[in-house]
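Novice: Handing you a structure now.
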Protein chains: 2
Amino acid sequence: MTSEAGPTIEGLYAVIPAGGAGTRLWPLSRASSPKFLHDLTGSGRSLLQATWDRLAPLCGTNIVVVTGVAHRDAVAAQLPDLPYDSLLAEPSPRDSAAAIGLAAALLERRDPDAVVASFAADHVITGEDRFAACVAEAVAVARAGKVVTIGIEPTHPATGFGYIQAGEPLAVEGAPRALSVRSFVEKPDEATATAYLATGEYRWNAGMFVVRASVLLDLLADYQPGLAEGLRAIAADPSRLADVWPTLTKIAIDHALAEPAARDGKVAVIPGDFGWDDVGDFASLAGLLPSAGDDLKVLGTAVEDVLLHDASGLVVSGTGRTVAVLGLDDVVVVDTPDALLVTTRARAQEVKALVDRLKESGRTDLT
Amino acid sequence: MTSEAGPTIEGLYAVIPAGGAGTRLWPLSRASSPKFLHDLTGSGRSLLQATWDRLAPLCGTNIVVVTGVAHRDAVAAQLPDLPYDSLLAEPSPRDSAAAIGLAAALLERRDPDAVVASFAADHVITGEDRFAACVAEAVAVARAGKVVTIGIEPTHPATGFGYIQAGEPLAVEGAPRALSVRSFVEKPDEATATAYLATGEYRWNAGMFVVRASVLLDLLADYQPGLAEGLRAIAADPSRLADVWPTLTKIAIDHALAEPAARDGKVAVIPGDFGWDDVGDFASLAGLLPSAGDDLKVLGTAVEDVLLHDASGLVVSGTGRTVAVLGLDDVVVVDTPDALLVTTRARAQEVKALVDRLKESGRTDLT
């Protein structure tokens, strides 16, 4: 079942949970056209496709995508090499433990030694060789029975991410950098984040998990027995999906698995020394794009169609219109066929509040 | 030839020079779709139509519009009651002395006692009764042989307008407020404008002129003999328009007629106590529009389609799209099908510089 394209890691299966509307990237990203389906780097590939491109050298076509029924066709269109039975459509959103757990339960039956490696569909990674080396180490530790996460080396005391506190080195062959994990901690305030960085023990939790499928399900059977039982029941008889799925506990895999397993000393971390960005908002997006000159970042349109006069910022346009900005610094203009957003980089985080107001006013057509 | 609609002033002919692209209102206003053709007040009538509506009670259908050939059809469509022979199309732009002078030369032949009253097609006036009363006084003084202007009572030391310096009262029956004019002065700096206001002698030059057609042409024959001769030649034989028009001196009527006539003691002013705005830029436009709540001014779109979050300003949209602004004060967003402008009220004057850059880069499709 592995691809002929290059050297892959035997028995490794990537799982890509493709969910989340990317609300802070409204109006570009929205429930009907979520972030992972968009090319946010100007590379010509969507974030989902770039995730595929990054994983295919490691897994061949041993890649499973779990997405909502509404996005099944769009995912299939973007990933023509994804095997038909590797595209799992959730009947309804039941959070990441159910999504990743379902893929693990199916893979556990397909290959008893399967190692599953779960990566978000909508993050940007640079330094693919270093990423691949981290995954290889994570797989080595996962084969030894651990739940393994890849923790991103922090570049600044971010308050928007959870952190992973590492402990002592683990002596696992093929994984020289592996450390034990003391705990997962929630998003800190800035003072706490600064203190974290000073210790050198903390890394960003990017939601990357590598674990044997059977270990994942067995641990889940301890911590969330109903969830594990339901997932294994669906895997044994996929015709039960529609009945069982709505009964599954809605819980993030961090809470369902990673945190209790860390308390039990069963989690390891590989420090991720590659570039990583969750493209959480337009400020983050602006940081990823190359400069188009004169303090301008542009996505989706030709530089010639943007005119800045004593201005700077980010222009995202999918309409082909000329966008002119006069006398505003660090502005963010996002131009889509049915909605236009004007804000600043400093306020980019608050786009969610604006979308919440649109939802409250019944504008589900736009959100 | 007068309308049956109401009491009109016998022998009064309005001339509306409809030219000028309104560059500072780009991308709403542009050469192909100039300011006077737009409804900028949300009244449902364009500035040209509102000018017609204001003048019809005074002149009936004794109204002549002078416009560029490119706008002839649009003007005719907007003014269905404008007589066919009262729509004059300039073969090429030759400034206001030629435009208004051509109308005067034609009217001089039609009615030897004709009084012409010239008003821009793209200004906003409030207090129509007071406007009408000023015009009636101006006509009385014009019949006595003067060139009469209506000078707007200044509300602040504006630096964007020329000023009219008034002298002693004139004793003309039917024109109790008429004053002689000492001089026309160019746009002043702010200190000079403030000093002007302190004297009480100065009023804004809004380009409103009321004068007997024959007086206009006779004075022009003194100050710009070639121009007067050419205009009277066209009026005598309209088939000569195409030949003669390109030879006419390109000069504003202020320089060609009003300024030298003032030096010769032949100009009077009626103080204009009505509301007046030249809608020179988006800051001016914002000041004219009623508040749509929460420091929002809206033109061309439904208030429901504008979402401000910790923001204030002006949104002009002709696209029906939702416009969301987050965290910017006094912003100006102008949303048209092929171009989008984002600026602030404070920088609204500089839109012209931006349009100049577009022209330089060859984007004549947008300007």
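Residue numbering restarts at 1 in every chain; chains get A, B, ... in the order shown in the structure tokens, and ligands count up from 1 in that same order.
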Show me, as a VMD selection string, every residue of chain B with an atom at most 10 Å from chain A, counting only C-alpha atoms.

Specialist: chain B and resid 27 304 to 311 319 to 328 331 to 348 350 to 351 353 to 355 357 to 358 361 363 366

Novice: Distance table requested - range 277-322 of chain A against range 146-160 of chain A, cut-off 12 Å, only C-alpha atoms: one row per qualifying residue with the closest atom pair and its distance in Å to one decimal, ordered by chain and rising residue number, as a Markdown table.

Specialist:
| residue | atom | partner | partner_atom | distance |
| --- | --- | --- | --- | --- |
| A:Asp277 | CA | A:Ile152 | CA | 9.6 |
| A:Asp278 | CA | A:Gly160 | CA | 10.1 |
| A:Val279 | CA | A:Gly160 | CA | 11.4 |
| A:Gly280 | CA | A:Gly160 | CA | 8.8 |
| A:Asp281 | CA | A:Gly160 | CA | 10.8 |
| A:Ser284 | CA | A:Gly160 | CA | 11.5 |

Novice: For the residues selected in the previous step, produce a file with C-alpha atoms as a compact mmCIF listing (two decimals), in the first residue's frame.

Specialist:
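The resulting file, result.txt, is reproduced below:
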# COMPACT_ATOMS: atom_id res chain seq x y z
CA ASP A 277 2.90 28.54 11.69
CA ASP A 278 -0.76 27.84 12.34
CA VAL A 279 -1.77 30.82 10.15
CA GLY A 280 -4.16 31.77 12.93
CA ASP A 281 -5.02 35.23 11.67
CA SER A 284 0.23 35.60 10.99

Novice: Looking at only C-alpha atoms, which of B:Arg212, B:Arg143, B:Arg263, B:Arg30 is the one that sits closest to Pro112 in chain B?

Specialist: B:Arg212

Novice: Leaving out Ala104 in chain B and any residue of its chain fewer than 5 positions from it, which residues lie within 12 Å of it when counting only C-alpha atoms, given as a PyMOL selection string?

Specialist: chain B and resi 12-17+63-66+86+88+96-99+109-118+209-218+220+228+231-232+234-235

Novice: Enumerate, as number ranges by chain, the complete set of residues in range 286-366 of chain B that a backbone-based DSSP assignment places in helix (DSSP H, G or I).

Specialist: B: 286-288, 303-305, 345-360

Novice: Those same residues, written as a short mmCIF file (atom, residue, chain, number, x, y, z; two decimals), in the first residue's frame with N, CA and C atoms?

Specialist:
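Contents of part-v6.cif, as written:
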data_model
loop_
_atom_site.label_atom_id
_atom_site.label_comp_id
_atom_site.auth_asym_id
_atom_site.auth_seq_id
_atom_site.Cartn_x
_atom_site.Cartn_y
_atom_site.Cartn_z
N ALA B 286 -18.80 62.78 3.38
CA ALA B 286 -19.20 62.22 4.68
C ALA B 286 -19.95 63.27 5.49
N GLY B 287 -19.51 64.53 5.40
CA GLY B 287 -20.17 65.59 6.14
C GLY B 287 -21.60 65.85 5.68
N LEU B 288 -21.89 65.51 4.42
CA LEU B 288 -23.23 65.76 3.86
C LEU B 288 -24.22 64.67 4.20
N VAL B 303 -27.55 49.86 5.22
CA VAL B 303 -26.82 49.91 6.50
C VAL B 303 -26.57 48.50 7.01
N GLU B 304 -27.50 47.59 6.73
CA GLU B 304 -27.38 46.21 7.21
C GLU B 304 -26.18 45.50 6.56
N ASP B 305 -25.72 46.02 5.44
CA ASP B 305 -24.60 45.37 4.76
C ASP B 305 -23.25 45.96 5.16
N ARG B 345 -10.63 59.96 6.36
CA ARG B 345 -11.16 61.29 6.07
C ARG B 345 -10.03 62.30 5.99
N ALA B 346 -9.06 62.16 6.89
CA ALA B 346 -7.97 63.15 6.95
C ALA B 346 -7.13 63.16 5.68
N ARG B 347 -7.08 62.03 4.98
CA ARG B 347 -6.25 61.95 3.78
C ARG B 347 -7.07 62.05 2.49
N ALA B 348 -8.35 62.35 2.63
CA ALA B 348 -9.27 62.30 1.47
C ALA B 348 -8.84 63.22 0.33
N GLN B 349 -8.23 64.37 0.69
CA GLN B 349 -7.78 65.31 -0.35
C GLN B 349 -6.74 64.68 -1.28
N GLU B 350 -5.98 63.71 -0.74
CA GLU B 350 -4.85 63.17 -1.51
C GLU B 350 -5.24 62.08 -2.49
N VAL B 351 -6.52 61.78 -2.59
CA VAL B 351 -6.95 60.76 -3.55
C VAL B 351 -6.51 61.14 -4.96
N LYS B 352 -6.46 62.44 -5.22
CA LYS B 352 -6.03 62.90 -6.55
C LYS B 352 -4.62 62.39 -6.87
N ALA B 353 -3.73 62.42 -5.89
CA ALA B 353 -2.35 61.95 -6.11
C ALA B 353 -2.35 60.47 -6.50
N LEU B 354 -3.21 59.74 -5.86
CA LEU B 354 -3.32 58.32 -6.14
C LEU B 354 -3.83 58.08 -7.57
N VAL B 355 -4.82 58.86 -7.96
CA VAL B 355 -5.37 58.73 -9.32
C VAL B 355 -4.31 59.15 -10.34
N ASP B 356 -3.52 60.18 -10.00
CA ASP B 356 -2.44 60.58 -10.90
C ASP B 356 -1.47 59.41 -11.12
N ARG B 357 -1.18 58.68 -10.05
CA ARG B 357 -0.28 57.53 -10.19
C ARG B 357 -0.91 56.45 -11.06
N LEU B 358 -2.21 56.24 -10.92
CA LEU B 358 -2.89 55.27 -11.79
C LEU B 358 -2.80 55.69 -13.25
N LYS B 359 -2.99 56.98 -13.50
CA LYS B 359 -2.90 57.47 -14.87
C LYS B 359 -1.50 57.26 -15.42
N GLU B 360 -0.50 57.60 -14.59
CA GLU B 360 0.89 57.43 -15.03
C GLU B 360 1.20 55.98 -15.38
#

Novice: Could you work out how far CA of Lys266 in chain B lies from CA of Gln224 in chain B, giving the answer in Å with one decimal?

Specialist: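 About the pair CA of Gln224 in chain B and CA of Lys266 in chain B: they are 16.1 Å apart.
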
Novice: Would you return as a ChimeraX atom specification the members of range 51-231 of chain B that DSSP assigns to strand (DSSP E) on this structure's backbone?

Specialist: /B:63-68,87-90,115-118,124-126,147-152,163-169,179-185,202-212

Novice: Can you pull out the residues contacting Ser32 in chain A? Cut-off 10 Å, using only C-alpha atoms, and skip same-chain residues under 2 positions away; I want them as a VMD selection string.

Specialist: chain A and resid 21 29 to 30 34 to 35 70 to 71 364 to 367

Novice: Which residues are near Thr67 in chain A? Cut-off 8 Å, only C-alpha atoms, ignore same chain within fewer than 5 positions. Put them as a PyMOL selection string.

Specialist: chain A and resi 17-19+72+87-90

Novice: For each of A:Asp81, A:Glu108, A:Asp122, A:Glu10, take the minimum atom-to-atom distance to His38 in chain A, counting only C-alpha atoms, then give the residue where this is smallest.

Specialist: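 Nearest to His38 in chain A: A:Asp122.
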
Novice: Just want the 8 Å neighbourhood of range 245-248 of chain A, counted on only C-alpha atoms, with same-chain residues fewer than 4 positions away dropped. Output as a list in words.

Specialist: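 Close residues of range 245-248 of chain A: Pro91, Ser92, Arg94, Ala98, Gly226, Leu227, Gly230 and Leu241 of chain A.
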
Novice: Excluding same-chain residues fewer than 6 positions from Phe131 in chain A, what lies within 8 Å of it counting only C-alpha atoms, as a tab-separated table (two decimals) with N, CA and C atoms, in the first residue's frame?

Specialist:
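Final output, selection.tsv:
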chain	number	residue	atom	x	y	z
A	125	ILE	N	4.46	24.64	7.24
A	125	ILE	CA	5.74	24.15	7.75
A	125	ILE	C	6.83	24.45	6.74
A	272	GLY	N	10.76	20.11	17.76
A	272	GLY	CA	10.63	20.42	16.32
A	272	GLY	C	11.45	21.64	15.97
A	273	ASP	N	12.49	21.44	15.18
A	273	ASP	CA	13.38	22.55	14.86
A	273	ASP	C	13.11	23.12	13.47
A	274	PHE	N	11.94	22.76	12.92
A	274	PHE	CA	11.55	23.29	11.60
A	274	PHE	C	10.65	24.52	11.81

Novice: Could you tell me how far CA of Ala195 in chain A lies from CA of Val269 in chain A, in Å and to one decimal?

Specialist: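 Value for the CA of Ala195 in chain A-CA of Val269 in chain A distance: 20.0 Å.
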
Novice: Give me, please, the distance in Å between CA of Leu219 in chain B and CA of Gly174 in chain B, quoted to one decimal.

Specialist: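 Going from CA of Leu219 in chain B over to CA of Gly174 in chain B, I get 24.1 Å.
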
Novice: Restricting the calculation to only C-alpha atoms, which member of A:Gly145, A:Gly275, A:Gly44, A:Gly362 is positioned closest to Gly127 in chain A?

Specialist: A:Gly275
